[in-house]
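Data from input.txt: compact mmCIF, C-alpha atoms and all ligand atoms
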```txt
# COMPACT_ATOMS: atom_id res chain seq x y z
CA MET A 40 82.40 127.92 103.89
CA THR A 41 82.53 124.21 103.15
CA ILE A 42 82.37 122.72 99.67
CA LEU A 43 82.13 119.13 98.47
CA ARG A 44 85.33 117.44 97.33
CA SER A 45 85.77 114.03 95.68
CA VAL A 46 88.28 112.30 97.95
CA VAL A 47 90.16 109.10 97.09
CA VAL A 48 89.34 106.60 99.84
CA GLY A 49 90.61 103.37 98.26
CA GLY A 50 92.37 101.82 95.30
CA GLY A 51 93.01 98.48 93.66
CA SER A 52 94.25 96.82 90.50
CA ALA A 53 94.22 93.55 88.59
CA LEU A 54 96.50 92.01 85.98
CA PRO A 55 96.04 88.95 83.79
CA SER A 56 97.94 85.86 84.92
CA ARG A 57 100.25 85.66 81.86
CA CYS A 58 103.29 87.94 81.86
CA VAL A 59 105.07 88.15 78.48
CA SER A 60 108.61 89.52 78.28
CA ASN A 61 110.03 91.24 75.20
CA ALA A 62 112.24 88.20 74.62
CA THR A 63 109.22 85.88 74.62
CA LEU A 64 107.38 88.22 72.25
CA ALA A 65 110.39 88.20 69.93
CA GLU A 66 109.90 84.43 69.45
CA THR A 67 106.72 85.13 67.42
CA VAL A 68 107.08 88.79 66.35
CA ASP A 69 109.98 90.19 64.26
CA THR A 70 111.32 92.43 67.03
CA SER A 71 113.90 92.49 69.82
CA ASP A 72 114.16 93.37 73.49
CA ASP A 73 116.72 96.07 72.59
CA TRP A 74 114.45 97.79 70.05
CA ILE A 75 111.42 97.82 72.36
CA VAL A 76 113.34 99.00 75.45
CA GLN A 77 115.22 101.74 73.57
CA ARG A 78 112.15 103.14 71.80
CA THR A 79 109.58 102.75 74.59
CA GLY A 80 111.04 101.60 77.93
CA ILE A 81 108.69 98.57 77.89
CA ARG A 82 110.23 95.32 79.20
CA GLN A 83 107.15 93.14 79.64
CA ARG A 84 103.34 93.24 79.53
CA TYR A 85 100.48 91.10 80.84
CA LEU A 86 98.19 89.50 78.26
CA CYS A 87 94.77 88.06 79.03
CA GLY A 88 93.86 84.45 78.43
CA PRO A 89 90.52 82.65 78.12
CA GLY A 90 88.00 83.98 80.63
CA GLU A 91 90.06 87.08 81.41
CA THR A 92 87.74 89.68 79.93
CA THR A 93 87.66 93.43 80.52
CA SER A 94 84.77 93.13 82.98
CA VAL A 95 86.47 90.28 84.85
CA LEU A 96 89.66 92.33 85.29
CA GLY A 97 87.64 95.47 86.04
CA ALA A 98 85.58 93.69 88.70
CA ARG A 99 88.74 92.32 90.36
CA ALA A 100 90.26 95.81 90.52
CA ALA A 101 86.97 97.33 91.73
CA ARG A 102 86.56 94.72 94.47
CA ALA A 103 90.13 95.36 95.64
CA ALA A 104 89.45 99.12 95.74
CA LEU A 105 86.26 98.59 97.72
CA ASP A 106 88.09 96.34 100.23
CA ASP A 107 90.91 98.87 100.50
CA ALA A 108 88.35 101.58 101.29
CA GLY A 109 86.69 99.34 103.89
CA LEU A 110 83.36 99.75 102.11
CA THR A 111 80.65 97.33 100.97
CA PRO A 112 78.73 97.18 97.65
CA ASN A 113 75.83 98.96 99.39
CA ASP A 114 78.02 102.05 99.81
CA ILE A 115 78.52 102.67 96.05
CA ASP A 116 75.98 104.62 94.00
CA LEU A 117 78.00 105.32 90.85
CA VAL A 118 80.23 103.09 88.73
CA ILE A 119 82.11 104.50 85.77
CA CYS A 120 84.25 102.19 83.67
CA ALA A 121 86.67 103.80 81.25
CA THR A 122 87.32 101.32 78.46
CA SER A 123 87.67 101.02 74.69
CA THR A 124 87.61 97.23 74.83
CA PRO A 125 84.22 96.39 76.39
CA ASP A 126 83.25 92.72 76.72
CA HIS A 127 80.26 93.46 74.47
CA THR A 128 79.01 96.35 72.36
CA PHE A 129 76.33 96.56 75.03
CA PRO A 130 75.45 96.33 77.89
CA SER A 131 78.22 98.44 79.32
CA THR A 132 81.16 96.88 81.10
CA ALA A 133 80.30 99.13 84.06
CA THR A 134 76.93 97.38 84.51
CA GLN A 135 78.70 94.01 84.35
CA ILE A 136 81.11 95.16 87.08
CA GLN A 137 78.14 96.49 89.05
CA ALA A 138 76.45 93.07 88.86
CA ALA A 139 79.65 91.13 89.62
CA LEU A 140 80.15 93.15 92.82
CA GLY A 141 76.50 92.95 93.88
CA ILE A 142 75.89 96.70 93.62
CA HIS A 143 72.13 97.05 93.14
CA GLN A 144 71.58 100.78 93.65
CA GLY A 145 72.71 103.90 91.84
CA PHE A 146 73.83 103.95 88.21
CA ALA A 147 76.69 102.75 86.03
CA PHE A 148 78.02 103.60 82.60
CA ASP A 149 81.07 103.21 80.37
CA LEU A 150 83.16 106.13 79.25
CA GLN A 151 85.19 105.94 76.07
CA ALA A 152 88.10 108.33 75.66
CA VAL A 153 90.70 105.66 74.84
CA CYS A 154 93.94 106.17 76.79
CA ALA A 155 92.61 109.40 78.34
CA GLY A 156 89.56 107.48 79.60
CA PHE A 157 90.56 107.27 83.26
CA VAL A 158 91.24 111.02 83.51
CA TYR A 159 87.90 111.70 81.80
CA ALA A 160 86.21 109.28 84.23
CA VAL A 161 87.74 110.93 87.31
CA ALA A 162 86.66 114.38 86.05
CA THR A 163 83.15 113.06 85.30
CA ALA A 164 82.74 111.29 88.65
CA ASP A 165 83.94 114.49 90.35
CA LYS A 166 81.07 116.43 88.74
CA PHE A 167 78.47 113.92 89.99
CA LEU A 168 79.94 113.84 93.50
CA THR A 169 80.49 117.56 93.99
CA SER A 170 77.01 118.38 92.65
CA GLY A 171 75.46 116.00 95.18
CA SER A 172 74.13 113.61 92.50
CA ALA A 173 76.08 110.68 93.93
CA ARG A 174 77.88 109.95 97.20
CA ARG A 175 80.52 107.33 96.39
CA ALA A 176 81.88 106.39 92.98
CA LEU A 177 83.90 103.43 91.79
CA VAL A 178 86.05 104.75 88.95
CA VAL A 179 87.54 101.91 86.94
CA GLY A 180 89.92 101.79 83.99
CA ALA A 181 89.91 98.32 82.40
CA GLU A 182 91.25 97.14 79.05
CA THR A 183 92.08 94.06 77.00
CA PHE A 184 93.87 95.76 74.09
CA SER A 185 95.53 92.45 73.17
CA ARG A 186 92.18 91.51 71.59
CA ILE A 187 92.18 94.48 69.17
CA LEU A 188 95.86 94.30 68.20
CA ASP A 189 97.02 93.14 64.79
CA TRP A 190 99.66 90.64 65.89
CA GLU A 191 101.18 90.80 62.38
CA ASP A 192 101.92 94.53 62.85
CA ARG A 193 105.13 94.82 64.87
CA THR A 194 104.90 98.62 65.00
CA THR A 195 101.87 98.39 67.35
CA CYS A 196 101.57 94.93 68.89
CA VAL A 197 104.71 95.25 71.02
CA LEU A 198 103.44 98.39 72.74
CA PHE A 199 100.27 97.32 74.55
CA GLY A 200 99.19 95.16 77.48
CA ASP A 201 96.04 94.27 79.42
CA GLY A 202 94.94 95.15 82.95
CA ALA A 203 92.62 97.13 85.19
CA GLY A 204 92.78 99.61 88.03
CA ALA A 205 90.19 101.35 90.18
CA ILE A 206 89.74 103.99 92.83
CA VAL A 207 86.84 104.84 95.13
CA LEU A 208 85.94 108.52 95.27
CA GLU A 209 83.79 109.78 98.16
CA ALA A 210 82.07 113.16 98.51
CA GLN A 211 83.47 114.83 101.64
CA ASP A 212 83.33 118.35 103.00
CA GLY A 213 86.35 120.52 102.20
CA GLN A 214 87.28 124.11 102.95
CA GLY A 215 87.64 125.18 99.32
CA THR A 216 91.41 125.57 99.55
CA ILE A 217 94.21 123.61 97.90
CA ALA A 218 94.96 122.06 101.28
CA ASP A 219 91.72 120.04 100.90
CA ARG A 220 91.99 116.36 100.09
CA GLY A 221 90.29 115.36 96.84
CA VAL A 222 90.13 116.37 93.18
CA LEU A 223 91.23 120.02 93.16
CA ALA A 224 91.06 120.68 89.41
CA SER A 225 90.63 118.90 86.11
CA SER A 226 90.95 119.92 82.48
CA LEU A 227 89.75 117.91 79.47
CA ARG A 228 90.36 118.42 75.74
CA SER A 229 89.73 116.68 72.47
CA ASP A 230 90.32 117.46 68.80
CA GLY A 231 88.71 115.08 66.30
CA ARG A 232 90.80 116.38 63.40
CA HIS A 233 93.41 113.88 64.60
CA ARG A 234 91.01 110.90 64.61
CA ASP A 235 92.89 108.96 61.90
CA LYS A 236 96.27 109.00 63.67
CA LEU A 237 95.28 106.43 66.30
CA TYR A 238 92.11 104.43 65.67
CA VAL A 239 90.51 101.02 65.27
CA ASP A 240 89.58 100.09 61.70
CA GLY A 241 86.24 98.47 62.55
CA GLY A 242 83.21 98.81 64.77
CA PRO A 243 79.56 97.83 65.17
CA GLY A 244 78.24 100.83 63.21
CA SER A 245 80.65 100.59 60.27
CA THR A 246 82.15 97.19 59.44
CA GLY A 247 80.18 95.14 61.92
CA THR A 248 83.49 93.71 63.10
CA THR A 249 85.71 94.61 66.05
CA GLY A 250 88.63 95.79 63.91
CA HIS A 251 92.29 96.32 64.74
CA LEU A 252 94.28 99.17 66.23
CA ARG A 253 96.11 101.38 63.70
CA MET A 254 98.57 104.11 64.57
CA SER A 255 100.90 106.67 63.01
CA GLY A 256 103.45 106.30 65.79
CA LYS A 257 105.61 109.31 64.95
CA GLU A 258 102.63 111.69 64.74
CA VAL A 259 101.21 110.44 68.04
CA PHE A 260 104.62 110.87 69.62
CA ARG A 261 104.98 114.42 68.34
CA PHE A 262 101.51 115.46 69.51
CA ALA A 263 101.89 113.77 72.90
CA VAL A 264 105.09 115.65 73.69
CA GLY A 265 104.17 118.90 71.98
CA SER A 266 100.59 119.60 72.93
CA VAL A 267 99.27 117.85 76.01
CA THR A 268 101.02 120.08 78.49
CA ASP A 269 98.18 122.63 78.11
CA VAL A 270 95.81 120.63 80.34
CA ILE A 271 98.45 120.31 83.04
CA LEU A 272 99.07 124.04 82.97
CA ASP A 273 95.28 124.56 83.22
CA ALA A 274 95.22 122.50 86.43
CA PHE A 275 98.21 124.39 87.84
CA ASN A 276 96.66 127.76 86.96
CA ALA A 277 93.23 126.85 88.39
CA THR A 278 94.82 126.05 91.75
CA GLY A 279 97.71 128.51 91.84
CA THR A 280 100.17 125.61 92.09
CA THR A 281 103.35 124.87 90.14
CA ALA A 282 105.47 121.86 89.27
CA ASP A 283 107.43 122.45 92.49
CA ASP A 284 104.30 121.81 94.58
CA LEU A 285 103.74 118.36 93.09
CA ASP A 286 104.65 115.28 95.05
CA TRP A 287 103.92 112.85 92.20
CA PHE A 288 103.34 113.03 88.46
CA VAL A 289 101.43 109.94 87.29
CA PRO A 290 101.06 110.21 83.51
CA HIS A 291 99.54 107.72 81.08
CA GLN A 292 102.09 104.96 80.64
CA ALA A 293 102.57 104.72 76.88
CA ASN A 294 106.23 105.40 76.36
CA ARG A 295 109.10 106.30 78.67
CA ARG A 296 110.49 108.86 76.21
CA ILE A 297 107.13 110.70 75.95
CA ILE A 298 106.75 110.73 79.74
CA GLU A 299 110.26 112.05 80.40
CA ALA A 300 110.09 114.66 77.64
CA SER A 301 106.74 115.93 79.02
CA ALA A 302 108.05 116.05 82.59
CA ASP A 303 111.19 117.92 81.49
CA LYS A 304 109.12 120.43 79.50
CA LEU A 305 106.94 121.11 82.55
CA GLY A 306 109.89 121.34 84.95
CA ILE A 307 108.74 118.28 86.91
CA ALA A 308 111.70 116.57 88.55
CA ARG A 309 112.32 113.06 87.21
CA ASP A 310 112.21 111.57 90.75
CA LYS A 311 108.57 112.69 91.08
CA VAL A 312 107.52 110.74 87.98
CA VAL A 313 105.83 107.38 88.55
CA LEU A 314 106.89 105.00 85.76
CA THR A 315 105.29 101.59 85.30
CA VAL A 316 105.38 101.32 81.51
CA ASP A 317 108.40 99.00 81.88
CA ARG A 318 106.31 96.33 83.60
CA HIS A 319 102.79 96.88 82.20
CA GLY A 320 103.27 98.26 78.66
CA ASN A 321 100.54 100.61 77.48
CA THR A 322 97.28 99.44 79.08
CA SER A 323 95.28 102.43 77.77
CA ALA A 324 92.62 103.58 80.28
CA ALA A 325 93.98 101.15 82.88
CA SER A 326 97.51 102.55 82.91
CA ILE A 327 97.04 105.42 85.36
CA PRO A 328 95.03 103.53 88.01
CA LEU A 329 97.53 100.65 87.71
CA ALA A 330 100.42 103.09 88.24
CA LEU A 331 98.59 104.79 91.14
CA ASP A 332 98.13 101.41 92.81
CA VAL A 333 101.80 100.51 92.44
CA ALA A 334 102.95 103.85 93.90
CA ARG A 335 100.39 103.71 96.70
CA LYS A 336 101.32 100.16 97.70
CA ASP A 337 105.08 100.77 97.63
CA GLY A 338 104.59 103.74 99.96
CA ARG A 339 105.34 106.57 97.55
CA ILE A 340 101.83 108.11 97.34
CA LYS A 341 100.58 108.98 100.84
CA HIS A 342 97.63 110.90 102.31
CA GLY A 343 98.08 114.60 101.70
CA ASP A 344 100.36 114.21 98.67
CA LEU A 345 99.65 116.36 95.62
CA VAL A 346 99.31 114.10 92.57
CA MET A 347 98.92 115.13 88.92
CA ILE A 348 97.45 112.55 86.55
CA GLU A 349 97.58 113.19 82.81
CA ALA A 350 96.85 111.24 79.62
CA ILE A 351 96.42 111.45 75.86
CA GLY A 352 94.59 108.97 73.66
CA GLY A 353 92.99 108.41 70.27
CA GLY A 354 90.74 111.14 68.96
CA PHE A 355 92.86 112.87 70.09
CA THR A 356 91.53 113.12 73.62
CA TRP A 357 93.62 114.39 76.49
CA GLY A 358 93.23 115.63 80.03
CA ALA A 359 94.73 116.15 83.47
CA ALA A 360 93.50 116.14 87.05
CA LEU A 361 95.19 117.46 90.16
CA ILE A 362 94.36 115.40 93.24
CA ARG A 363 95.30 115.88 96.90
CA TRP A 364 95.56 112.22 97.96
N1 LIG B 1 110.75 95.88 66.37
C1 LIG B 1 111.81 96.13 65.60
N2 LIG B 1 111.82 97.08 64.65
C2 LIG B 1 110.70 97.77 64.47
C3 LIG B 1 109.56 97.55 65.23
C4 LIG B 1 109.60 96.56 66.20
N3 LIG B 1 108.56 96.25 67.01
N4 LIG B 1 108.60 98.41 64.84
C5 LIG B 1 109.12 99.16 63.87
N5 LIG B 1 110.40 98.78 63.65
C6 LIG B 1 111.36 99.31 62.67
C7 LIG B 1 110.68 100.04 61.54
O1 LIG B 1 110.32 99.11 60.55
C8 LIG B 1 111.77 100.99 61.10
O2 LIG B 1 112.69 100.27 60.31
P1 LIG B 1 113.31 100.95 58.99
O3 LIG B 1 114.07 102.17 59.49
O4 LIG B 1 114.19 99.88 58.44
O5 LIG B 1 112.15 101.31 58.14
C9 LIG B 1 112.47 101.35 62.39
O6 LIG B 1 112.12 100.32 63.33
C10 LIG B 1 112.09 102.69 62.94
O7 LIG B 1 110.68 102.79 62.92
P2 LIG B 1 109.98 104.12 63.34
O8 LIG B 1 108.50 103.95 63.14
O9 LIG B 1 110.67 105.28 62.69
O10 LIG B 1 110.30 104.12 64.89
P3 LIG B 1 110.11 105.29 65.91
O11 LIG B 1 111.43 105.73 66.38
O12 LIG B 1 109.13 106.33 65.46
O13 LIG B 1 109.42 104.50 67.11
C11 LIG B 1 107.31 104.11 68.14
C12 LIG B 1 108.16 103.88 66.93
C13 LIG B 1 105.95 103.49 67.91
C14 LIG B 1 107.95 103.44 69.36
C15 LIG B 1 107.19 105.65 68.41
O14 LIG B 1 106.80 106.30 67.24
C16 LIG B 1 106.21 105.93 69.51
O15 LIG B 1 106.45 105.63 70.65
N6 LIG B 1 105.08 106.60 69.18
C17 LIG B 1 104.06 106.88 70.14
C18 LIG B 1 103.22 105.65 70.30
C19 LIG B 1 102.31 105.73 71.46
O16 LIG B 1 102.73 105.98 72.55
N7 LIG B 1 101.02 105.47 71.22
C20 LIG B 1 100.03 105.40 72.21
C21 LIG B 1 99.59 106.77 72.64
S1 LIG B 1 98.20 106.62 73.69
```
How does this structure look as structure tokens?
Amino acid sequence: MTILRSVVVGGGSALPSRCVSNATLAETVDTSDDWIVQRTGIRQRYLCGPGETTSVLGARAARAALDDAGLTPNDIDLVICATSTPDHTFPSTATQIQAALGIHQGFAFDLQAVCAGFVYAVATADKFLTSGSARRALVVGAETFSRILDWEDRTTCVLFGDGAGAIVLEAQDGQGTIADRGVLASSLRSDGRHRDKLYVDGGPGSTGTTGHLRMSGKEVFRFAVGSVTDVILDAFNATGTTADDLDWFVPHQANRRIIEASADKLGIARDKVVLTVDRHGNTSAASIPLALDVARKDGRIKHGDLVMIEAIGGGFTWGAALIRW
């Protein structure tokens, strides 16, 4: 019996032109390269300049993914953009990407699950593709967090960066086994009781302003290491796989210590962990597709590899997806 699977057929990414090292940041923020590297593993981040908006970065990443897949705008009938930093309150960034690429059919929408946004978007696209509601999806994670940071708050502003990444998912026939290429399992969770631990203190429906990011760093850290492994175990259990079967673990890139502690807890070998937080900082919903693109281009992620993506973000929201590349 054949079943539909959502198979990754292309990927791409985009970064702003300005790269800012910790040392450069320390010229204007009361911090140091040592403090940032020791606490987070971050060495630099890319920050957008004039004209580099979320939709501009998202469209660049989406176009690269389309080219990589050898497809044209006519081939795409779904665009999902995971972002918490849309160009405008509305219309959605996804429709702006759709227009920029010349995609005139199908449908497009934004998905907001903060740093877990890309995992949520992959799981959502998978539902549309495997139910036959769409044939090929552009799944984009794009963010310009530098525009919602309080640059006077050194406990948050050193952690984030801007960027975008995208993949193309295509509905293809599979055999219904874990040898199939495509999304094999996904698990999503949220718990709004934690909404005040990582949030933005403004918005169109409350203050009428954009607001700034606020975070209780220690509490986020504790939750990220302590609780998010449940969704990964869900994906393992749903497929009868274990950490030993994984080729690559591509977690949300927020903090090297969180990533390594989670991998250790799950028994995932450190050499299977893709780490890009050192060069990108935390780019929220863009971090996983950016990391995927790095590991794909440097030859680590290959067709047939088993890849676990996982993220946690404000809300809290968290999720994981197991993908045969
Ligand atoms: N540079 C230098 N010193 C800084 C600093 C900075 N950028 N930010 C804070 N400090 C100082 C604090 O003022 C404090 O000084 P004090 O002891 O004199 O009061 C000291 O460093 C320790 O601060 P603390 O908040 O206890 O640090 P920490 O070890 O908890 O690390 C984080 C802070 C943010 C790196 C850590 O909590 C973390 O990574 N949390 C998770 C954040 C995250 O990943 N969020 C996104 C999830 S999607």
Requested in this report: Around ligand LIG 1 (chain B), at most 8 Å away and counting all atoms listed in the file, which residues are there? Put them as number ranges by chain, please.
Outcome: A: 68-71, 74-75, 78-79, 153-155, 192-198, 237, 254-261, 263, 291, 293-294, 296-297, 321, 323, 350-353
Report summary line: Counting all atoms listed in the file, the residue among A:Ile307, A:Ala181, A:Val76, A:Val222 that lies closest to Gly200 (chain A) is A:Ala181
Query raised in the report: What is the CA of Ala324 (chain A) to CA of Val48 (chain A) distance in Å?
Result: 20.1 Å
Report task. Can you pull out every residue within 7 Å of Ala103 (chain A), counting only C-alpha atoms, but drop anything in the same chain fewer than 5 positions away, and send it as a PyMOL selection string? Result -> chain A and resi 50-52
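When all atoms listed in the file are used to compute distances to Val118 (chain A), the closest of the residues A:Ala224, A:Ala210, A:Ala138, A:Val312 turns out to be A:Ala138.
Across the structure, CA of Gly202 (chain A) and CA of Thr92 (chain A) are spaced 9.5 Å apart.
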Query raised in the report: Which neighbours of region 272-286 of chain A fall inside 10 Å, counting all atoms listed in the file, when residues of the same chain fewer than 2 positions from it are skipped, and could you give them as JSON, numbers by chain?
Result: {"A": [216, 217, 223, 224, 225, 226, 227, 267, 268, 269, 270, 288, 289, 302, 305, 306, 307, 308, 310, 311, 312, 339, 340, 341, 343, 344, 345, 346, 347, 358, 359, 360, 361, 362, 363]}
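Atom pair CA of Gly338 (chain A) / CA of Ala203 (chain A) has a distance of 20.1 Å (rounded to one decimal).
Using all atoms listed in the file, the smallest distance between any of A:Gly88, A:Gly49, A:Gly80, A:Gly244 and Asn61 (chain A) comes from A:Gly80.
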